[in-house]
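Asks: This is work-v5.txt (compact mmCIF, C-alpha atoms and all ligand atoms).
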# COMPACT_ATOMS: atom_id res chain seq x y z
CA MET A 40 -9.00 1.29 20.35
CA PRO A 41 -8.61 -1.68 22.66
CA LEU A 42 -6.65 -4.66 21.33
CA PRO A 43 -7.00 -8.19 22.69
CA ASP A 44 -5.28 -8.51 26.08
CA GLY A 45 -1.53 -8.80 26.00
CA VAL A 46 -1.17 -8.19 22.26
CA ILE A 47 1.39 -5.69 21.04
CA TYR A 48 0.34 -5.17 17.45
CA MET A 49 3.23 -4.04 15.26
CA ASP A 50 1.88 -5.13 11.90
CA HIS A 51 -0.15 -2.13 10.75
CA ALA A 52 1.24 -2.46 7.21
CA ALA A 53 -0.59 -5.81 6.99
CA THR A 54 -3.92 -4.50 8.22
CA THR A 55 -5.51 -2.27 10.85
CA PRO A 56 -8.62 -2.60 13.03
CA VAL A 57 -11.72 -0.70 11.93
CA ASP A 58 -12.00 2.56 13.85
CA PRO A 59 -15.17 2.62 16.03
CA VAL A 60 -16.32 5.90 14.45
CA VAL A 61 -15.95 4.31 11.01
CA LEU A 62 -17.86 1.22 12.10
CA ASP A 63 -20.71 3.32 13.53
CA ALA A 64 -21.04 5.20 10.25
CA MET A 65 -21.17 1.93 8.30
CA LEU A 66 -23.66 0.00 10.43
CA PRO A 67 -26.97 1.55 9.23
CA TYR A 68 -26.09 0.65 5.64
CA PHE A 69 -26.05 -3.06 6.51
CA THR A 70 -29.54 -3.00 8.01
CA GLU A 71 -32.21 -0.31 7.78
CA ARG A 72 -30.51 1.52 4.87
CA PHE A 73 -29.95 -1.58 2.79
CA GLY A 74 -31.35 -0.28 -0.50
CA ASN A 75 -29.68 -0.84 -3.84
CA PRO A 76 -28.26 2.50 -5.11
CA SER A 77 -29.66 1.70 -8.57
CA SER A 78 -33.26 1.48 -7.33
CA VAL A 79 -35.58 4.42 -8.00
CA TYR A 80 -37.55 4.41 -4.71
CA ARG A 81 -36.54 6.30 -1.61
CA LEU A 82 -34.60 3.45 0.02
CA GLY A 83 -32.47 3.16 -3.10
CA ARG A 84 -31.96 6.90 -3.36
CA GLN A 85 -30.77 7.00 0.26
CA SER A 86 -28.06 4.49 -0.60
CA LEU A 87 -27.17 6.41 -3.74
CA ASP A 88 -26.83 9.58 -1.66
CA ALA A 89 -24.50 7.82 0.77
CA LEU A 90 -22.43 6.47 -2.10
CA GLU A 91 -22.20 9.90 -3.73
CA THR A 92 -21.17 11.46 -0.43
CA ALA A 93 -18.44 8.82 -0.14
CA HIS A 94 -17.19 9.74 -3.62
CA GLU A 95 -17.19 13.43 -2.64
CA THR A 96 -15.31 12.80 0.61
CA VAL A 97 -12.57 10.78 -1.09
CA ALA A 98 -12.37 13.33 -3.90
CA ARG A 99 -11.86 16.16 -1.40
CA VAL A 100 -8.90 14.33 0.15
CA LEU A 101 -7.36 13.58 -3.24
CA GLY A 102 -8.03 17.06 -4.66
CA CYS A 103 -10.01 15.65 -7.56
CA ARG A 104 -13.62 15.36 -8.74
CA PRO A 105 -16.08 12.79 -7.38
CA VAL A 106 -16.55 11.23 -10.84
CA GLU A 107 -12.83 10.42 -10.91
CA ILE A 108 -13.22 8.00 -7.96
CA VAL A 109 -14.01 4.30 -8.47
CA PHE A 110 -14.67 2.09 -5.45
CA THR A 111 -13.28 -1.43 -5.85
CA GLY A 112 -13.10 -4.64 -3.86
CA GLY A 113 -9.73 -3.73 -2.34
CA GLY A 114 -6.23 -2.49 -3.11
CA SER A 115 -5.31 -5.49 -5.25
CA GLU A 116 -8.37 -4.98 -7.42
CA ALA A 117 -7.61 -1.27 -7.77
CA ASP A 118 -4.06 -2.10 -8.95
CA ASN A 119 -5.38 -4.72 -11.39
CA LEU A 120 -7.99 -2.32 -12.77
CA ALA A 121 -5.45 0.47 -13.22
CA ILE A 122 -2.83 -1.63 -14.99
CA LYS A 123 -4.98 -3.95 -17.10
CA GLY A 124 -7.50 -1.15 -17.63
CA ILE A 125 -4.87 1.07 -19.25
CA ALA A 126 -2.96 -1.72 -20.97
CA TYR A 127 -6.05 -3.09 -22.73
CA ALA A 128 -7.47 0.36 -23.54
CA LYS A 129 -4.17 1.43 -25.14
CA ARG A 130 -3.25 -1.91 -26.69
CA ARG A 131 -3.17 -0.56 -30.25
CA ARG A 132 -1.09 2.50 -29.34
CA GLY A 133 1.64 0.79 -27.39
CA ASN A 134 2.35 -2.36 -25.45
CA HIS A 135 5.17 -1.29 -23.14
CA ILE A 136 4.77 -0.89 -19.38
CA ILE A 137 7.33 0.49 -16.93
CA THR A 138 7.32 -0.57 -13.29
CA THR A 139 9.87 -1.35 -10.57
CA ALA A 140 11.36 -4.50 -9.15
CA ILE A 141 9.96 -3.81 -5.67
CA GLU A 142 6.21 -3.48 -6.31
CA HIS A 143 3.54 -5.33 -4.37
CA HIS A 144 2.54 -8.64 -5.97
CA ALA A 145 -0.81 -7.09 -6.99
CA VAL A 146 1.23 -5.00 -9.44
CA LEU A 147 4.05 -7.45 -10.26
CA HIS A 148 1.84 -10.46 -10.96
CA THR A 149 -0.45 -8.31 -13.10
CA CYS A 150 2.54 -7.10 -15.14
CA GLU A 151 3.80 -10.68 -15.47
CA GLN A 152 0.39 -11.79 -16.76
CA LEU A 153 0.48 -8.97 -19.34
CA GLU A 154 3.95 -10.13 -20.42
CA ARG A 155 2.51 -13.59 -21.07
CA GLU A 156 -0.10 -11.86 -23.24
CA GLY A 157 2.58 -10.17 -25.35
CA TYR A 158 3.19 -6.87 -23.53
CA ARG A 159 6.74 -5.79 -22.77
CA VAL A 160 7.52 -4.77 -19.20
CA THR A 161 10.56 -2.88 -17.90
CA TYR A 162 11.30 -3.57 -14.22
CA LEU A 163 13.37 -0.62 -13.03
CA PRO A 164 16.11 -1.34 -10.48
CA VAL A 165 16.35 0.34 -7.07
CA ASP A 166 19.37 1.35 -5.02
CA VAL A 167 20.34 -0.16 -1.67
CA SER A 168 17.77 1.95 0.16
CA GLY A 169 14.97 1.00 -2.23
CA LEU A 170 14.85 4.25 -4.22
CA VAL A 171 14.16 4.49 -7.95
CA GLN A 172 16.16 7.05 -9.94
CA PRO A 173 13.85 9.41 -11.89
CA ASP A 174 16.45 9.47 -14.69
CA ASP A 175 15.93 5.73 -15.11
CA VAL A 176 12.22 6.33 -15.67
CA ALA A 177 12.93 9.00 -18.28
CA ALA A 178 15.41 6.71 -20.05
CA ALA A 179 12.99 3.78 -20.10
CA ILE A 180 10.09 5.65 -21.72
CA ASN A 181 9.72 5.06 -25.46
CA ASP A 182 7.06 5.58 -28.14
CA GLU A 183 5.37 2.31 -27.17
CA THR A 184 5.08 3.10 -23.46
CA ALA A 185 1.43 2.85 -22.39
CA LEU A 186 1.87 3.18 -18.62
CA VAL A 187 4.31 3.84 -15.80
CA THR A 188 3.23 2.19 -12.53
CA MET A 189 5.25 2.75 -9.38
CA MET A 190 4.37 2.44 -5.70
CA TYR A 191 4.31 5.58 -3.53
CA ALA A 192 5.76 3.85 -0.47
CA ASN A 193 7.03 0.30 -0.12
CA ASN A 194 5.14 -2.10 2.12
CA GLU A 195 8.19 -4.05 3.31
CA VAL A 196 10.85 -1.42 3.90
CA GLY A 197 8.84 1.82 3.96
CA THR A 198 10.89 3.70 1.34
CA ILE A 199 9.00 6.64 -0.20
CA GLN A 200 9.56 7.18 -3.94
CA PRO A 201 9.96 10.64 -5.54
CA ILE A 202 6.49 10.37 -7.06
CA ALA A 203 6.01 14.06 -7.89
CA GLU A 204 9.30 14.17 -9.78
CA ILE A 205 8.41 11.06 -11.76
CA GLY A 206 4.93 12.47 -12.31
CA ARG A 207 6.49 15.51 -14.02
CA ILE A 208 8.53 13.26 -16.31
CA CYS A 209 5.48 11.20 -17.27
CA ARG A 210 3.41 14.30 -17.92
CA GLU A 211 6.12 15.80 -20.15
CA ARG A 212 6.28 12.58 -22.13
CA ARG A 213 2.49 12.18 -22.12
CA VAL A 214 2.54 8.74 -20.53
CA PRO A 215 -0.19 7.79 -18.02
CA PHE A 216 1.21 7.39 -14.49
CA HIS A 217 -0.28 5.07 -11.86
CA THR A 218 0.83 4.88 -8.25
CA ASP A 219 -0.03 2.18 -5.72
CA ALA A 220 -0.52 4.46 -2.72
CA VAL A 221 -1.90 1.74 -0.47
CA GLN A 222 0.81 2.12 2.19
CA ALA A 223 0.72 5.91 1.94
CA GLY A 224 -3.03 6.19 2.50
CA GLY A 225 -2.96 7.17 6.15
CA LEU A 226 0.46 8.80 6.31
CA LEU A 227 1.34 10.85 3.22
CA ASP A 228 -0.14 13.66 1.12
CA LEU A 229 -2.51 12.23 -1.49
CA ASP A 230 -3.19 15.31 -3.62
CA VAL A 231 -3.22 13.87 -7.13
CA ASN A 232 -2.16 17.13 -8.78
CA THR A 233 0.80 17.67 -6.46
CA LEU A 234 1.80 14.09 -7.16
CA GLY A 235 1.13 14.41 -10.90
CA VAL A 236 -0.54 11.01 -11.13
CA ASP A 237 -3.31 9.87 -13.48
CA LEU A 238 -4.30 6.82 -11.45
CA LEU A 239 -3.88 6.09 -7.74
CA SER A 240 -4.83 3.01 -5.66
CA LEU A 241 -5.86 2.92 -2.01
CA SER A 242 -7.08 0.19 0.34
CA ALA A 243 -9.34 1.05 3.28
CA HIS A 244 -8.14 -1.66 5.65
CA LYS A 245 -4.67 -0.12 5.70
CA PHE A 246 -6.06 3.06 7.32
CA TYR A 247 -8.62 1.82 9.87
CA GLY A 248 -11.36 1.15 7.35
CA PRO A 249 -12.99 -2.12 6.30
CA LYS A 250 -11.26 -4.95 4.43
CA GLY A 251 -12.31 -5.63 0.86
CA VAL A 252 -12.81 -1.97 -0.07
CA GLY A 253 -10.42 -0.11 -2.33
CA VAL A 254 -10.33 3.14 -4.24
CA LEU A 255 -9.01 3.83 -7.70
CA TYR A 256 -8.61 7.43 -8.78
CA VAL A 257 -8.79 7.79 -12.57
CA ARG A 258 -8.03 11.22 -14.00
CA GLN A 259 -10.77 12.54 -16.25
CA GLY A 260 -9.88 11.84 -19.87
CA THR A 261 -7.90 8.70 -18.97
CA ARG A 262 -9.67 5.76 -20.58
CA ILE A 263 -9.59 2.41 -18.81
CA GLN A 264 -11.16 -0.85 -19.88
CA PRO A 265 -13.36 -2.24 -17.09
CA GLN A 266 -12.24 -5.61 -15.74
CA ILE A 267 -15.53 -6.66 -14.16
CA LEU A 268 -18.44 -6.57 -16.60
CA GLY A 269 -22.13 -6.40 -15.91
CA GLY A 270 -24.04 -3.33 -14.79
CA SER A 271 -23.08 0.28 -15.36
CA GLN A 272 -22.04 0.99 -11.76
CA GLU A 273 -19.15 3.35 -10.99
CA ARG A 274 -19.70 5.03 -14.38
CA ASN A 275 -19.13 1.81 -16.29
CA ARG A 276 -15.74 1.24 -14.76
CA ARG A 277 -16.61 -1.47 -12.20
CA ALA A 278 -19.80 -3.50 -12.52
CA GLY A 279 -21.65 -4.97 -9.57
CA THR A 280 -23.97 -3.66 -6.86
CA GLU A 281 -21.88 -1.23 -4.88
CA ASN A 282 -20.59 -2.06 -1.39
CA VAL A 283 -22.37 0.91 0.18
CA PRO A 284 -21.33 0.32 3.82
CA GLY A 285 -17.79 -0.34 2.60
CA ALA A 286 -17.63 2.86 0.56
CA VAL A 287 -19.06 4.89 3.47
CA GLY A 288 -16.48 3.36 5.83
CA ALA A 289 -13.56 3.82 3.43
CA ALA A 290 -14.41 7.49 2.90
CA ILE A 291 -14.72 8.32 6.58
CA ALA A 292 -11.58 6.35 7.43
CA LEU A 293 -9.61 8.21 4.76
CA GLU A 294 -10.91 11.60 5.87
CA GLN A 295 -10.02 10.84 9.51
CA ALA A 296 -6.59 9.50 8.65
CA GLN A 297 -5.77 12.51 6.51
CA SER A 298 -7.06 15.08 9.00
CA THR A 299 -4.88 13.64 11.80
CA ARG A 300 -1.97 12.77 9.52
CA GLY A 301 0.46 15.49 10.65
CA GLN A 302 0.02 14.82 14.34
CA GLU A 303 -0.01 11.03 14.00
CA SER A 304 3.04 11.00 11.72
CA ALA A 305 5.03 13.02 14.25
CA ARG A 306 4.01 10.69 17.07
CA LEU A 307 4.82 7.55 15.08
CA THR A 308 8.11 8.95 13.79
CA ALA A 309 9.32 9.42 17.37
CA LEU A 310 8.35 5.85 18.28
CA ARG A 311 9.85 4.50 15.06
CA ASP A 312 13.13 6.32 15.59
CA ARG A 313 13.47 4.94 19.11
CA LEU A 314 13.11 1.44 17.67
CA ILE A 315 15.57 2.10 14.84
CA ASP A 316 18.24 3.79 16.94
CA ALA A 317 18.29 0.96 19.47
CA ILE A 318 17.84 -2.03 17.16
CA VAL A 319 20.63 -1.10 14.72
CA ARG A 320 23.01 -1.38 17.68
CA ILE A 321 22.39 -5.14 17.80
CA PRO A 322 25.51 -6.65 16.12
CA ASP A 323 25.23 -7.66 12.43
CA THR A 324 21.96 -5.80 12.02
CA GLN A 325 21.07 -3.34 9.29
CA LEU A 326 18.15 -1.02 8.78
CA THR A 327 16.30 -1.87 5.57
CA GLY A 328 14.98 1.02 3.51
CA ASP A 329 16.03 4.64 3.45
CA ARG A 330 16.81 6.30 6.78
CA GLU A 331 15.11 9.60 5.85
CA ARG A 332 12.67 8.92 3.03
CA ARG A 333 10.62 6.32 4.89
CA LEU A 334 7.09 5.91 6.21
CA ALA A 335 6.60 7.25 9.73
CA ASN A 336 5.36 3.85 10.91
CA ASN A 337 7.96 1.51 9.38
CA ALA A 338 10.96 0.13 11.27
CA SER A 339 12.42 -2.81 9.38
CA PHE A 340 15.69 -4.66 9.73
CA ALA A 341 17.82 -7.47 8.38
CA PHE A 342 19.52 -9.60 11.02
CA ALA A 343 22.33 -11.72 9.55
CA GLY A 344 22.30 -15.33 10.65
CA VAL A 345 18.67 -15.41 11.83
CA GLU A 346 15.56 -16.64 10.04
CA GLY A 347 12.74 -14.12 9.86
CA GLU A 348 10.15 -16.81 10.47
CA SER A 349 11.83 -17.85 13.74
CA LEU A 350 11.94 -14.24 14.87
CA LEU A 351 8.20 -13.91 14.25
CA LEU A 352 7.38 -17.09 16.18
CA ASN A 353 9.52 -16.00 19.13
CA LEU A 354 7.96 -12.55 19.14
CA ASP A 355 4.50 -14.12 18.97
CA LEU A 356 5.34 -16.15 22.10
CA ILE A 357 5.73 -12.88 24.01
CA GLY A 358 2.62 -11.35 22.43
CA VAL A 359 4.23 -9.22 19.73
CA ALA A 360 2.62 -9.38 16.27
CA ALA A 361 5.11 -8.49 13.53
CA SER A 362 5.97 -9.68 10.04
CA SER A 363 8.81 -10.43 7.70
CA GLY A 364 9.39 -10.01 3.99
CA SER A 365 11.07 -13.40 3.97
CA ALA A 366 8.46 -16.07 3.42
CA CYS A 367 8.86 -19.69 4.40
CA THR A 368 8.02 -21.74 1.32
CA THR A 369 8.30 -25.53 1.43
CA GLY A 370 10.72 -25.57 4.31
CA SER A 371 13.28 -23.08 3.05
CA VAL A 372 13.27 -19.37 3.79
CA GLU A 373 13.06 -17.31 0.61
CA PRO A 374 14.29 -13.73 0.82
CA SER A 375 11.72 -11.27 -0.54
CA HIS A 376 11.97 -9.82 -4.05
CA VAL A 377 12.16 -6.36 -2.47
CA LEU A 378 15.25 -7.06 -0.37
CA THR A 379 16.89 -8.98 -3.21
CA ALA A 380 16.31 -6.06 -5.59
CA MET A 381 17.91 -3.73 -3.02
CA GLY A 382 21.05 -5.84 -3.19
CA ILE A 383 20.85 -7.02 0.41
CA SER A 384 22.81 -10.24 0.87
CA GLU A 385 20.76 -13.41 0.95
CA SER A 386 21.89 -14.25 4.46
CA ALA A 387 20.82 -10.85 5.80
CA ALA A 388 17.59 -10.82 3.77
CA ARG A 389 16.51 -14.15 5.28
CA GLY A 390 16.49 -12.46 8.67
CA HIS A 391 14.11 -9.67 7.79
CA LEU A 392 11.81 -8.20 10.44
CA ARG A 393 9.17 -5.55 9.84
CA LEU A 394 7.66 -3.63 12.74
CA THR A 395 4.88 -1.29 11.59
CA LEU A 396 3.30 1.02 14.13
CA GLY A 397 -0.14 2.58 14.34
CA HIS A 398 -2.89 4.05 16.52
CA SER A 399 -2.51 1.43 19.25
CA THR A 400 1.28 1.74 19.57
CA THR A 401 2.56 3.25 22.80
CA ASP A 402 5.94 4.08 24.30
CA ALA A 403 5.48 1.06 26.56
CA ASP A 404 5.11 -1.19 23.49
CA VAL A 405 8.39 0.11 22.12
CA ASP A 406 10.07 -0.39 25.52
CA PHE A 407 8.81 -3.97 25.63
CA VAL A 408 10.14 -4.83 22.19
CA LEU A 409 13.50 -3.18 22.91
CA GLU A 410 13.74 -5.11 26.16
CA HIS A 411 13.19 -8.53 24.56
CA LEU A 412 14.33 -8.41 20.93
CA PRO A 413 18.13 -8.41 21.47
CA ALA A 414 17.96 -11.59 23.56
CA ILE A 415 15.72 -13.31 20.99
CA VAL A 416 18.18 -12.49 18.19
CA GLU A 417 21.10 -13.70 20.31
CA LYS A 418 19.34 -16.93 21.21
CA LEU A 419 18.40 -17.69 17.60
CA ARG A 420 21.96 -17.03 16.44
CA ALA A 421 23.34 -19.35 19.09
CA LEU A 422 20.93 -22.06 17.90
CA SER A 423 21.67 -21.47 14.24
CA THR A 424 24.35 -23.52 12.53
CA ARG A 425 24.78 -21.02 9.75
CA PRO A 426 27.70 -18.62 10.12
CA VAL A 427 26.84 -14.94 10.52
C1 LIG B 501 -1.91 -4.27 1.14
C2 LIG B 501 -1.34 -3.78 -0.14
C3 LIG B 501 -2.00 -4.02 -1.36
C4 LIG B 501 -3.22 -4.88 -1.47
O1 LIG B 501 -4.35 -4.32 -0.87
P1 LIG B 501 -5.60 -5.29 -0.49
O2 LIG B 501 -6.68 -4.36 -0.12
O3 LIG B 501 -5.13 -6.12 0.66
O4 LIG B 501 -5.90 -6.10 -1.70
C5 LIG B 501 -1.46 -3.48 -2.52
N1 LIG B 501 -0.34 -2.74 -2.48
C6 LIG B 501 0.32 -2.49 -1.34
C7 LIG B 501 1.54 -1.65 -1.37
C8 LIG B 501 -0.15 -3.01 -0.13
O5 LIG B 501 0.52 -2.77 0.99
Output the structure of this file as structure tokens.
Replies:
Amino acid sequence: MPLPDGVIYMDHAATTPVDPVVLDAMLPYFTERFGNPSSVYRLGRQSLDALETAHETVARVLGCRPVEIVFTGGGSEADNLAIKGIAYAKRRRGNHIITTAIEHHAVLHTCEQLEREGYRVTYLPVDVSGLVQPDDVAAAINDETALVTMMYANNEVGTIQPIAEIGRICRERRVPFHTDAVQAGGLLDLDVNTLGVDLLSLSAHKFYGPKGVGVLYVRQGTRIQPQILGGSQERNRRAGTENVPGAVGAAIALEQAQSTRGQESARLTALRDRLIDAIVRIPDTQLTGDRERRLANNASFAFAGVEGESLLLNLDLIGVAASSGSACTTGSVEPSHVLTAMGISESAARGHLRLTLGHSTTDADVDFVLEHLPAIVEKLRALSTRPV
């Protein structure tokens, strides 16, 4: 997949380019196969067939049934539908939700909105590597608990949660369990029965599919209240004429990602480990996230005495696209809620850098970053007035 000239793209956790095979599969559904899947004539039935095939493909990857798959307008919408869908459906039986302090904002802001509506939310803590303790989940569940929602892998630091273990606890206590698997989509096993989840969110643009297309798995028998009302599409769980090209693209992208997962994970792990082993040798630098239980494509660091934003701008000047959990809001650098929850000092958290690798990443890209990053960090520290 060619990238624009001179760009070293190390931000695959933010988004990925659409794979050419995926694009080719989508294209006919924008033009000659444009029918509405709800229409009775042949053109409509063709679209319905494509949509059903997309459900079947995703279901095969997840080890579930096609009717348990709902296509949405992205990962954020899938998270919203899972959490509000359960919370509103179970309102009379319990109003308590359990989540973690390090979720994506699509989950956190949804939980905060539910709190304003009278729900109670427990935000479980994480340890210094970003891991949740399963015992904490068990201890937090009570008779009012309507849902446990916990991400599979963290988007900032790459830490992978013990989802299957927590799934067993939730099943024993008969509490529905949702996981935001958006970062895991292309890299980890998604079998919903192995994981023991009742709901699972994915986003196609994180695994070489189109933007604005998500998937929500909903275990049969789990009732959710739809959040977009209108037609009876997606078995009454998400109204609106279906994004047929998007669903076709998402399904093929997921199938491709999962069929090459083992090989690609091994390749990315080797590249990632070269980055980690060299970058942690830069003075006053720490790896963020767990050293072992982390996504194959995530190398992320906290550099004391440097601002993440400045690092990104300096990397951009040499053609490297990366990101940081620390966001610059109104002139001051705010450390991310993830790093803060992990107990990383504010000074170190301000200097967060996330390098996320993918299909385009080569050994030469890693060499280039390793050649230039230490000098950039040194220069920024020399310019900075803040003590390390
Ligand atoms: C990207 C991301 C989302 C949001 O997905 P969109 O398709 O961009 O709405 C949700 N959760 C996690 C963990 C993500 O990384």
Asks: What's the 12 Å shell around Gly248 in chain A, counting only C-alpha atoms, without same-chain residues fewer than 2 positions away, as a PDB file with C-alpha atoms, keeping the file's coordinate frame?
Replies:
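Result saved to selection-v2.pdb:
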ATOM      1  CA  THR A  54      -3.920  -4.500   8.220  1.00  0.00           C
ATOM      2  CA  THR A  55      -5.510  -2.270  10.850  1.00  0.00           C
ATOM      3  CA  PRO A  56      -8.620  -2.600  13.030  1.00  0.00           C
ATOM      4  CA  VAL A  57     -11.720  -0.700  11.930  1.00  0.00           C
ATOM      5  CA  ASP A  58     -12.000   2.560  13.850  1.00  0.00           C
ATOM      6  CA  PRO A  59     -15.170   2.620  16.030  1.00  0.00           C
ATOM      7  CA  VAL A  60     -16.320   5.900  14.450  1.00  0.00           C
ATOM      8  CA  VAL A  61     -15.950   4.310  11.010  1.00  0.00           C
ATOM      9  CA  LEU A  62     -17.860   1.220  12.100  1.00  0.00           C
ATOM     10  CA  ASP A  63     -20.710   3.320  13.530  1.00  0.00           C
ATOM     11  CA  ALA A  64     -21.040   5.200  10.250  1.00  0.00           C
ATOM     12  CA  MET A  65     -21.170   1.930   8.300  1.00  0.00           C
ATOM     13  CA  GLY A 113      -9.730  -3.730  -2.340  1.00  0.00           C
ATOM     14  CA  GLY A 224      -3.030   6.190   2.500  1.00  0.00           C
ATOM     15  CA  GLY A 225      -2.960   7.170   6.150  1.00  0.00           C
ATOM     16  CA  LEU A 241      -5.860   2.920  -2.010  1.00  0.00           C
ATOM     17  CA  SER A 242      -7.080   0.190   0.340  1.00  0.00           C
ATOM     18  CA  ALA A 243      -9.340   1.050   3.280  1.00  0.00           C
ATOM     19  CA  HIS A 244      -8.140  -1.660   5.650  1.00  0.00           C
ATOM     20  CA  LYS A 245      -4.670  -0.120   5.700  1.00  0.00           C
ATOM     21  CA  PHE A 246      -6.060   3.060   7.320  1.00  0.00           C
ATOM     22  CA  LYS A 250     -11.260  -4.950   4.430  1.00  0.00           C
ATOM     23  CA  GLY A 251     -12.310  -5.630   0.860  1.00  0.00           C
ATOM     24  CA  VAL A 252     -12.810  -1.970  -0.070  1.00  0.00           C
ATOM     25  CA  GLY A 253     -10.420  -0.110  -2.330  1.00  0.00           C
ATOM     26  CA  VAL A 254     -10.330   3.140  -4.240  1.00  0.00           C
ATOM     27  CA  PRO A 284     -21.330   0.320   3.820  1.00  0.00           C
ATOM     28  CA  GLY A 285     -17.790  -0.340   2.600  1.00  0.00           C
ATOM     29  CA  ALA A 286     -17.630   2.860   0.560  1.00  0.00           C
ATOM     30  CA  VAL A 287     -19.060   4.890   3.470  1.00  0.00           C
ATOM     31  CA  GLY A 288     -16.480   3.360   5.830  1.00  0.00           C
ATOM     32  CA  ALA A 289     -13.560   3.820   3.430  1.00  0.00           C
ATOM     33  CA  ALA A 290     -14.410   7.490   2.900  1.00  0.00           C
ATOM     34  CA  ILE A 291     -14.720   8.320   6.580  1.00  0.00           C
ATOM     35  CA  ALA A 292     -11.580   6.350   7.430  1.00  0.00           C
ATOM     36  CA  LEU A 293      -9.610   8.210   4.760  1.00  0.00           C
ATOM     37  CA  GLU A 294     -10.910  11.600   5.870  1.00  0.00           C
ATOM     38  CA  GLN A 295     -10.020  10.840   9.510  1.00  0.00           C
ATOM     39  CA  ALA A 296      -6.590   9.500   8.650  1.00  0.00           C
TER      40      ALA A 296
END
Asks: Enter the distance from CA of Pro249 in chain A to CA of Leu350 in chain A, in Å, rounded to one decimal.
Replies: 29.0 Å
Asks: Name all residues at most 9 Å from Cys209 in chain A (count all atoms listed in the file; drop same-chain ones fewer than 4 positions away) and give them as a PDB file with C-alpha atoms, keeping the file's coordinate frame.
Replies:
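Contents of part02.pdb, freshly written:
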ATOM      1  CA  VAL A 176      12.220   6.330 -15.670  1.00  0.00           C
ATOM      2  CA  ALA A 177      12.930   9.000 -18.280  1.00  0.00           C
ATOM      3  CA  ILE A 180      10.090   5.650 -21.720  1.00  0.00           C
ATOM      4  CA  LEU A 186       1.870   3.180 -18.620  1.00  0.00           C
ATOM      5  CA  VAL A 187       4.310   3.840 -15.800  1.00  0.00           C
ATOM      6  CA  GLU A 204       9.300  14.170  -9.780  1.00  0.00           C
ATOM      7  CA  ILE A 205       8.410  11.060 -11.760  1.00  0.00           C
ATOM      8  CA  ARG A 213       2.490  12.180 -22.120  1.00  0.00           C
ATOM      9  CA  VAL A 214       2.540   8.740 -20.530  1.00  0.00           C
ATOM     10  CA  PRO A 215      -0.190   7.790 -18.020  1.00  0.00           C
ATOM     11  CA  PHE A 216       1.210   7.390 -14.490  1.00  0.00           C
ATOM     12  CA  GLY A 235       1.130  14.410 -10.900  1.00  0.00           C
ATOM     13  CA  VAL A 236      -0.540  11.010 -11.130  1.00  0.00           C
TER      14      VAL A 236
END
Asks: Have a look at CA of Glu385 in chain A and CA of Ser363 in chain A and let me know their distance in Å, one decimal.
Replies: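 According to the coordinates, CA of Glu385 in chain A and CA of Ser363 in chain A are separated by 14.0 Å.
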Asks: Against ligand LIG 501 (chain B), which residues of chain A fall within 6 Å? For each one I want the closest pair of atoms and the distance in Å (one decimal), counting all atoms listed in the file, rows by chain and increasing residue number, as a Markdown table.
Replies:
| residue | atom | partner | partner_atom | distance |
| --- | --- | --- | --- | --- |
| A:Gly113 | CA | B:LIG501 | O2 | 3.8 |
| A:Gly114 | CA | B:LIG501 | O1 | 3.4 |
| A:Ser115 | CA | B:LIG501 | O4 | 3.7 |
| A:His143 | CA | B:LIG501 | N1 | 5.0 |
| A:Ala145 | CA | B:LIG501 | C5 | 5.8 |
| A:Asn193 | CA | B:LIG501 | C7 | 6.0 |
| A:Asn194 | CA | B:LIG501 | O5 | 4.8 |
| A:Asp219 | CA | B:LIG501 | N1 | 5.9 |
| A:Val221 | CA | B:LIG501 | C6 | 4.9 |
| A:Gln222 | CA | B:LIG501 | O5 | 5.0 |
| A:Ser242 | CA | B:LIG501 | O2 | 4.6 |
| A:Gly251 | CA | B:LIG501 | O2 | 5.9 |
Asks: What's the separation between CA of Lys129 in chain A and CA of Gly157 in chain A, in Å to one decimal place?
Replies: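 We find that CA of Lys129 in chain A and CA of Gly157 in chain A lie 13.4 Å from each other.
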Asks: Go through A:Ala361, A:Ala414, A:Val377, A:Cys103 and flag the residue nearest His51 in chain A, using all atoms listed in the file for the distances.
Replies: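 Among A:Ala361, A:Ala414, A:Val377, A:Cys103, it is A:Ala361 that comes nearest to His51 in chain A.
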Asks: Counting all atoms listed in the file, figure out which residue out of A:Val372, A:Ile47, A:Leu268, A:Leu422 gets nearest to Asp402 in chain A.
Replies: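 Result for the nearest residue to Asp402 in chain A: A:Ile47.
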Asks: Using all atoms listed in the file, can you tell me which of A:Thr139, A:Ser386, A:Gln172, A:Thr149 comes closest to Val345 in chain A?
Replies: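 Ranked by minimum distance to Val345 in chain A, first place goes to A:Ser386.
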Asks: From the list A:Leu255, A:Ala140, A:Val100, A:Leu351, which residue is nearest Asn119 in chain A when using only C-alpha atoms?
Replies: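 Smallest separation from Asn119 in chain A among the options: A:Leu255.
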Asks: Set the distance at 12 Å and use all atoms listed in the file: which residues neighbour Glu331 in chain A once local chain neighbours fewer than 3 positions away are removed? I'd like the list as a ChimeraX atom specification.
Replies: /A:168-170,196-200,308,311-312,315,326-328,334-335,337-338
Asks: Calculated over all atoms listed in the file, which of the candidates A:Ala305, A:Val283, A:Leu239, A:Ala421 has the smallest distance to Thr70 in chain A?
Replies: A:Val283
Asks: So that I can check the surroundings of Thr138 in chain A, please list as a list of chain:residue names every protein, DNA and RNA residue that reaches within 6 Å of it, counting all atoms listed in the file and ignoring chain neighbours fewer than 5 positions away.
Replies: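 Final neighbour list, sorted by chain and number: A:Tyr162, A:Val187, A:Thr188, A:Met189.
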